[in-house]
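Just run_12.csv here, CSV, C-alpha atoms:
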```
chain,number,residue,atom,x,y,z
A,16,MET,CA,77.8,-29.0,-173.5
A,17,GLU,CA,77.4,-30.1,-177.0
A,18,THR,CA,80.5,-30.4,-179.1
A,19,THR,CA,80.4,-30.0,-182.9
A,20,ALA,CA,82.6,-29.4,-185.9
A,21,ALA,CA,83.0,-26.2,-187.9
A,22,ALA,CA,83.4,-25.8,-191.6
A,23,VAL,CA,85.1,-22.8,-193.1
A,24,VAL,CA,84.5,-22.1,-196.8
A,25,LEU,CA,87.1,-19.7,-198.2
A,26,ALA,CA,85.7,-17.3,-200.8
A,27,SER,CA,88.0,-14.2,-200.3
A,28,GLY,CA,90.3,-14.6,-203.3
A,29,ALA,CA,89.9,-12.9,-206.6
A,30,GLY,CA,90.4,-15.8,-209.0
A,31,THR,CA,91.7,-13.6,-211.9
A,32,ARG,CA,92.9,-16.6,-214.0
A,33,VAL,CA,89.3,-17.5,-214.8
A,34,GLY,CA,89.1,-14.3,-216.9
A,35,ALA,CA,86.0,-12.7,-215.3
A,36,LYS,CA,85.8,-9.3,-213.5
A,37,LEU,CA,83.5,-10.9,-210.9
A,38,ASN,CA,85.0,-13.0,-208.1
A,39,LYS,CA,85.0,-16.5,-209.7
A,40,VAL,CA,83.1,-18.1,-206.7
A,41,TYR,CA,80.1,-16.0,-207.6
A,42,LEU,CA,80.0,-16.9,-211.3
A,43,PRO,CA,76.9,-18.9,-212.4
A,44,LEU,CA,77.2,-22.7,-212.4
A,45,ALA,CA,74.2,-24.9,-213.3
A,46,GLY,CA,71.6,-22.3,-212.1
A,47,ARG,CA,73.4,-21.3,-208.9
A,48,ARG,CA,76.6,-19.4,-208.0
A,49,VAL,CA,79.8,-21.5,-207.7
A,50,VAL,CA,80.1,-21.1,-203.9
A,51,ALA,CA,76.5,-22.1,-203.3
A,52,TRP,CA,77.3,-25.7,-204.2
A,53,SER,CA,80.0,-26.3,-201.6
A,54,LEU,CA,78.0,-24.5,-198.9
A,55,ASP,CA,75.1,-26.8,-199.6
A,56,ALA,CA,77.3,-29.9,-199.4
A,57,PHE,CA,78.6,-28.9,-195.9
A,58,ALA,CA,75.1,-27.9,-194.7
A,59,ARG,CA,74.0,-31.5,-195.4
A,60,VAL,CA,76.6,-33.1,-193.1
A,61,PRO,CA,75.1,-33.7,-189.6
A,62,GLY,CA,78.4,-33.4,-187.9
A,63,ILE,CA,79.0,-29.9,-189.1
A,64,GLY,CA,77.3,-27.6,-186.6
A,65,VAL,CA,78.9,-24.3,-187.5
A,66,LEU,CA,79.3,-23.0,-191.1
A,67,VAL,CA,81.6,-20.0,-191.8
A,68,LEU,CA,82.0,-18.2,-195.1
A,69,VAL,CA,85.1,-16.0,-195.5
A,70,ILE,CA,84.5,-13.2,-198.0
A,71,ARG,CA,86.0,-10.0,-199.4
A,72,PRO,CA,84.1,-7.0,-198.0
A,73,GLN,CA,83.2,-5.8,-201.5
A,74,ASP,CA,81.4,-9.1,-202.2
A,75,ARG,CA,79.0,-8.8,-199.3
A,76,GLU,CA,75.9,-8.2,-201.4
A,77,LEU,CA,76.7,-11.3,-203.6
A,78,ALA,CA,77.3,-13.4,-200.4
A,79,ASP,CA,74.0,-12.3,-198.9
A,80,GLU,CA,72.2,-13.3,-202.1
A,81,VAL,CA,73.8,-16.8,-202.0
A,82,LEU,CA,73.0,-17.3,-198.3
A,83,GLU,CA,69.3,-16.6,-198.8
A,84,ASN,CA,69.1,-20.1,-200.3
A,85,VAL,CA,71.4,-22.1,-198.1
A,86,LEU,CA,69.8,-24.7,-195.8
A,87,ARG,CA,71.6,-23.6,-192.7
A,88,ASP,CA,72.7,-20.4,-190.9
A,89,VAL,CA,76.1,-19.2,-192.2
A,90,GLU,CA,78.4,-16.9,-190.3
A,91,ILE,CA,80.4,-14.4,-192.4
A,92,VAL,CA,84.0,-13.4,-191.7
A,93,HIS,CA,86.1,-11.0,-193.8
A,94,GLY,CA,89.2,-12.4,-195.3
A,95,GLY,CA,92.8,-11.1,-195.1
A,96,ASP,CA,95.5,-10.3,-197.7
A,97,THR,CA,96.5,-14.0,-198.0
A,98,ARG,CA,94.8,-17.4,-197.8
A,99,GLN,CA,96.5,-18.0,-194.5
A,100,ALA,CA,95.4,-14.6,-193.1
A,101,SER,CA,91.9,-15.4,-194.1
A,102,GLU,CA,92.0,-18.8,-192.4
A,103,LEU,CA,93.4,-17.1,-189.3
A,104,ASN,CA,90.6,-14.6,-189.3
A,105,ALA,CA,88.1,-17.5,-189.4
A,106,LEU,CA,89.9,-19.3,-186.6
A,107,ARG,CA,89.9,-16.2,-184.4
A,108,HIS,CA,86.2,-15.9,-185.0
A,109,LEU,CA,85.8,-19.4,-183.8
A,110,ALA,CA,88.3,-19.1,-181.0
A,111,PRO,CA,85.9,-18.7,-178.1
A,112,ARG,CA,84.1,-21.9,-179.1
A,113,ILE,CA,87.3,-23.7,-179.7
A,114,THR,CA,88.9,-22.8,-176.4
A,115,GLY,CA,85.5,-23.4,-174.7
A,116,GLY,CA,85.4,-27.0,-176.0
A,117,ARG,CA,82.3,-26.4,-178.2
A,118,VAL,CA,84.1,-26.8,-181.5
A,119,ASP,CA,86.5,-29.8,-181.6
A,120,ALA,CA,87.3,-30.0,-185.3
A,121,VAL,CA,87.6,-27.5,-188.2
A,122,LEU,CA,87.4,-28.3,-191.9
A,123,LEU,CA,88.7,-25.7,-194.4
A,124,HIS,CA,87.6,-25.7,-198.0
A,125,ASP,CA,88.2,-23.7,-201.1
A,126,ALA,CA,84.9,-22.2,-202.4
A,127,ALA,CA,86.3,-22.7,-205.9
A,128,ARG,CA,85.8,-26.5,-205.4
A,129,PRO,CA,82.0,-26.6,-205.9
A,130,LEU,CA,81.7,-30.3,-206.6
A,131,VAL,CA,82.7,-31.5,-203.2
A,132,HIS,CA,80.1,-33.9,-201.9
A,133,SER,CA,78.8,-34.6,-198.4
A,134,ASP,CA,80.3,-38.2,-198.3
A,135,LEU,CA,83.8,-36.8,-198.8
A,136,VAL,CA,83.2,-34.1,-196.1
A,137,GLY,CA,82.0,-36.8,-193.7
A,138,ALA,CA,85.1,-39.0,-194.4
A,139,VAL,CA,87.5,-36.1,-193.8
A,140,LEU,CA,85.6,-35.2,-190.6
A,141,ALA,CA,85.7,-38.8,-189.3
A,142,ARG,CA,89.4,-39.2,-190.0
A,143,THR,CA,90.1,-35.8,-188.4
A,144,ARG,CA,88.4,-36.8,-185.2
A,145,GLU,CA,90.1,-40.2,-185.2
A,146,ASP,CA,93.7,-39.1,-186.0
A,147,GLY,CA,93.9,-35.3,-185.6
A,148,GLY,CA,94.3,-34.3,-189.2
A,149,ALA,CA,93.1,-35.3,-192.6
A,150,VAL,CA,93.4,-34.2,-196.2
A,151,PRO,CA,91.7,-35.7,-199.3
A,152,GLY,CA,93.8,-36.3,-202.4
A,153,LEU,CA,94.2,-38.3,-205.6
A,154,ALA,CA,97.2,-40.5,-206.5
A,155,ALA,CA,99.5,-38.4,-208.7
A,156,ASP,CA,100.9,-41.0,-211.0
A,157,ASP,CA,102.2,-38.3,-213.4
A,158,VAL,CA,104.4,-36.5,-210.8
A,159,VAL,CA,108.2,-37.0,-211.2
A,160,GLY,CA,111.2,-35.7,-209.3
A,161,VAL,CA,114.5,-34.4,-210.6
A,162,ASP,CA,117.7,-35.0,-208.6
A,163,ALA,CA,120.9,-32.9,-208.5
A,164,GLY,CA,122.2,-34.6,-211.7
A,165,HIS,CA,118.9,-33.7,-213.5
A,166,LEU,CA,117.8,-37.4,-213.6
A,167,VAL,CA,114.1,-37.9,-213.7
A,168,ALA,CA,112.4,-40.4,-211.4
A,169,GLN,CA,108.9,-41.3,-210.2
A,170,VAL,CA,107.9,-39.9,-206.8
A,171,PRO,CA,106.4,-42.8,-204.9
A,172,GLY,CA,103.2,-42.1,-202.9
A,173,ALA,CA,102.7,-38.6,-204.3
A,174,ILE,CA,99.1,-37.3,-204.2
A,175,ARG,CA,97.3,-34.2,-205.5
A,176,VAL,CA,95.8,-32.6,-202.4
A,177,GLN,CA,92.3,-31.3,-202.4
A,178,THR,CA,90.0,-29.7,-199.8
A,179,PRO,CA,88.4,-29.8,-197.3
A,180,GLN,CA,91.4,-30.3,-195.0
A,181,GLY,CA,90.4,-31.1,-191.4
A,182,PHE,CA,92.2,-30.7,-188.1
A,183,ARG,CA,91.5,-30.8,-184.4
A,184,ALA,CA,90.5,-27.3,-183.6
A,185,GLY,CA,92.7,-26.5,-180.6
A,186,PRO,CA,96.1,-27.5,-182.2
A,187,LEU,CA,95.0,-25.8,-185.5
A,188,LEU,CA,94.3,-22.5,-183.7
A,189,GLU,CA,97.6,-22.7,-181.8
A,190,ALA,CA,99.6,-23.5,-185.0
A,191,TYR,CA,98.1,-20.5,-186.9
A,192,GLU,CA,98.8,-18.1,-184.1
A,193,GLN,CA,102.4,-19.3,-183.9
A,194,ALA,CA,102.8,-19.0,-187.6
A,195,GLU,CA,101.5,-15.4,-187.4
A,196,ARG,CA,104.0,-14.6,-184.6
A,197,GLU,CA,106.9,-16.1,-186.6
A,198,GLY,CA,105.9,-14.6,-190.0
A,199,PHE,CA,105.6,-18.1,-191.6
A,200,LEU,CA,103.4,-18.3,-194.7
A,201,GLY,CA,102.5,-21.8,-195.8
A,202,THR,CA,101.2,-23.1,-199.1
A,203,ASP,CA,98.0,-24.5,-197.6
A,204,THR,CA,96.6,-25.5,-194.2
A,205,SER,CA,98.5,-28.8,-194.0
A,206,SER,CA,101.9,-27.1,-194.6
A,207,CYS,CA,101.3,-24.8,-191.7
A,208,MET,CA,100.3,-27.7,-189.5
A,209,GLU,CA,103.3,-29.8,-190.5
A,210,ARG,CA,105.5,-26.9,-189.4
A,211,PHE,CA,103.9,-26.0,-186.1
A,212,SER,CA,102.0,-29.0,-184.9
A,213,SER,CA,102.8,-32.7,-184.1
A,214,LEU,CA,99.4,-33.9,-185.2
A,215,PRO,CA,99.5,-36.7,-187.7
A,216,ILE,CA,97.9,-35.8,-191.0
A,217,ARG,CA,96.2,-38.8,-192.7
A,218,TRP,CA,95.2,-39.2,-196.3
A,219,VAL,CA,91.6,-39.7,-197.3
A,220,PRO,CA,90.9,-40.8,-200.9
A,221,GLY,CA,89.7,-37.7,-202.8
A,222,ALA,CA,87.2,-37.5,-205.6
A,223,PRO,CA,88.1,-36.9,-209.3
A,224,GLU,CA,85.1,-34.6,-209.7
A,225,ASN,CA,86.3,-32.4,-206.7
A,226,LEU,CA,88.0,-30.1,-209.2
A,227,LYS,CA,89.1,-26.5,-208.6
A,228,ILE,CA,87.7,-23.8,-210.8
A,229,THR,CA,90.8,-22.0,-212.1
A,230,TYR,CA,90.3,-21.4,-215.8
A,231,PRO,CA,87.2,-20.8,-218.0
A,232,HIS,CA,87.1,-24.4,-219.2
A,233,ASP,CA,86.9,-25.7,-215.6
A,234,LEU,CA,83.4,-24.1,-215.4
A,235,VAL,CA,82.4,-26.0,-218.6
A,236,VAL,CA,83.7,-29.3,-217.1
A,237,ALA,CA,81.9,-28.7,-213.8
A,238,GLU,CA,78.6,-27.9,-215.5
A,239,ARG,CA,78.8,-31.2,-217.4
A,240,LEU,CA,79.6,-33.1,-214.2
A,241,LEU,CA,76.7,-31.5,-212.4
A,242,ALA,CA,74.4,-32.4,-215.4
A,243,ARG,CA,75.0,-36.0,-214.7
```
Target format structure tokens, applied to this file:
Amino acid sequence: METTAAAVVLASGAGTRVGAKLNKVYLPLAGRRVVAWSLDAFARVPGIGVLVLVIRPQDRELADEVLENVLRDVEIVHGGDTRQASELNALRHLAPRITGGRVDAVLLHDAARPLVHSDLVGAVLARTREDGGAVPGLAADDVVGVDAGHLVAQVPGAIRVQTPQGFRAGPLLEAYEQAEREGFLGTDTSSCMERFSSLPIRWVPGAPENLKITYPHDLVVAERLLAR
């Protein structure tokens, strides 16, 4: 039995802050739609054997258009009301392969981060398989903390977390099912794992260009970076 990793690209949000009526992950970016760039990055990583795209049902035609030009087969899953619910839907879709030992690691990625590159995906996957969990991030030198007396101090070792975030598949599925049973809603994948799993989560150096499309000017920046 061959074991492989799965990548889940989350595209089921609305992204209203970008100021477009269209779901922002389908906006044009350097001749393609935003989500196409990250799908292509994952498709180029040999260790990723399963690629899942989580969408809103109303975006199905747009998703089908994007997938016509992706290098690999992509499985489509409908998202939920929250990011965590969307991730859980994807994990339940993968559950037979996870429990059967065919998928050993899962990487979850925001479709709104189109400039992720295959080297970063590969680094997260390698660290996930080695240690159990991995998140990419950049050192956050400008982050400060405030104590009870309103004194400001630097926060040592703080990072700005990016995606993809990777975890061993079995513990990830178990943690999300437990979170669902207990009604816990985390801020991202790693927060859910910290709460319901004993897996260590290691830091992998992120990439400055792996920005998230949130506001209109982010599209302009991404276009210039891709032009390089």
Find the spatial neighbours of Pro186 in chain A, counting all atoms listed in the file, within a cut-off of 12 Å - ignore same-chain residues fewer than 3 positions away - and output them as a compact mmCIF listing (two decimals) with C-alpha atoms, keeping the file's coordinate frame.
```
# COMPACT_ATOMS: atom_id res chain seq x y z
CA LEU A 106 89.90 -19.30 -186.60
CA ALA A 110 88.30 -19.10 -181.00
CA ILE A 113 87.30 -23.70 -179.70
CA THR A 114 88.90 -22.80 -176.40
CA ASP A 119 86.50 -29.80 -181.60
CA ALA A 120 87.30 -30.00 -185.30
CA VAL A 121 87.60 -27.50 -188.20
CA THR A 143 90.10 -35.80 -188.40
CA GLY A 147 93.90 -35.30 -185.60
CA GLY A 148 94.30 -34.30 -189.20
CA GLY A 181 90.40 -31.10 -191.40
CA PHE A 182 92.20 -30.70 -188.10
CA ARG A 183 91.50 -30.80 -184.40
CA GLU A 189 97.60 -22.70 -181.80
CA ALA A 190 99.60 -23.50 -185.00
CA TYR A 191 98.10 -20.50 -186.90
CA GLU A 192 98.80 -18.10 -184.10
CA GLN A 193 102.40 -19.30 -183.90
CA CYS A 207 101.30 -24.80 -191.70
CA MET A 208 100.30 -27.70 -189.50
CA GLU A 209 103.30 -29.80 -190.50
CA ARG A 210 105.50 -26.90 -189.40
CA PHE A 211 103.90 -26.00 -186.10
CA SER A 212 102.00 -29.00 -184.90
CA SER A 213 102.80 -32.70 -184.10
CA LEU A 214 99.40 -33.90 -185.20
CA PRO A 215 99.50 -36.70 -187.70
```
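Across the structure, CA of Ser205 in chain A and CA of Asn38 in chain A are spaced 25.1 Å apart.
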Item to check | Shortest interatomic distance to Arg47 in chain A - which of A:Val81, A:Leu140, A:Leu109, A:Leu122, counting all atoms listed in the file | outcome: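 Going through A:Val81, A:Leu140, A:Leu109, A:Leu122 one by one, the smallest distance to Arg47 in chain A is for A:Val81.
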Item to check | Atomic distance CA of Gln180 in chain A - CA of Lys36 in chain A, expressed in Å with one decimal | outcome: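 Those two atoms sit 28.5 Å apart.
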Item to check | Selection: 10 Å around range 231-239 of chain A, only C-alpha atoms, excl. self and same-chain fewer than 3 positions, as a ChimeraX atom specification | outcome: /A:32-35,39,42-46,49,128-130,224-228,242-243
Item to check | Å distance separating CA of Leu103 in chain A from CA of Arg48 in chain A, one decimal place | outcome: 25.2 Å
Checklist entry - Nearest to Leu68 in chain A among A:Gln99, A:Thr18, A:Asn84, A:Asn104, with distances taken over all atoms listed in the file: which residue is it? => result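 The answer is A:Asn104, which sits nearest to Leu68 in chain A.
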Could you pull the residues within 9 Å of His124 in chain A, counting all atoms listed in the file, minus those fewer than 4 positions along the same chain, as a PDB file with C-alpha atoms, in the coordinates of the input?
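Result file follows (selection-v3.pdb):
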```pdb
ATOM      1  CA  ALA A  22      83.400 -25.800-191.600  1.00  0.00           C
ATOM      2  CA  VAL A  23      85.100 -22.800-193.100  1.00  0.00           C
ATOM      3  CA  VAL A  24      84.500 -22.100-196.800  1.00  0.00           C
ATOM      4  CA  LEU A  25      87.100 -19.700-198.200  1.00  0.00           C
ATOM      5  CA  SER A  53      80.000 -26.300-201.600  1.00  0.00           C
ATOM      6  CA  ARG A 128      85.800 -26.500-205.400  1.00  0.00           C
ATOM      7  CA  GLN A 177      92.300 -31.300-202.400  1.00  0.00           C
ATOM      8  CA  THR A 178      90.000 -29.700-199.800  1.00  0.00           C
ATOM      9  CA  PRO A 179      88.400 -29.800-197.300  1.00  0.00           C
ATOM     10  CA  GLN A 180      91.400 -30.300-195.000  1.00  0.00           C
ATOM     11  CA  GLY A 181      90.400 -31.100-191.400  1.00  0.00           C
TER      12      GLY A 181
END
```
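Closest approach to Val92 in chain A among A:Pro72, A:Pro171, A:Gly64, A:Gly28: A:Pro72, based on only C-alpha atoms.
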Next on the checklist: Could you list, as a ChimeraX atom specification, every residue within 8 Å of Trp218 in chain A, counting only C-alpha atoms and ignoring same-chain residues fewer than 6 positions away?
Outcome noted: /A:149-152
9 Å contact set for Thr19 in chain A, only C-alpha atoms, chain neighbours under 2 positions out, as a tab-separated table (two decimals) with C-alpha atoms, in the coordinates of the input:
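Output below, filename around_34.tsv:
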```tsv
chain	number	residue	atom	x	y	z
A	17	GLU	CA	77.40	-30.10	-177.00
A	21	ALA	CA	83.00	-26.20	-187.90
A	62	GLY	CA	78.40	-33.40	-187.90
A	63	ILE	CA	79.00	-29.90	-189.10
A	64	GLY	CA	77.30	-27.60	-186.60
A	65	VAL	CA	78.90	-24.30	-187.50
A	117	ARG	CA	82.30	-26.40	-178.20
A	118	VAL	CA	84.10	-26.80	-181.50
A	119	ASP	CA	86.50	-29.80	-181.60
A	120	ALA	CA	87.30	-30.00	-185.30
```
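Taking all atoms listed in the file into account, Leu153 in chain A lies nearest to A:Ala173 out of the set A:Ala100, A:Ala78, A:Ala51, A:Ala173.
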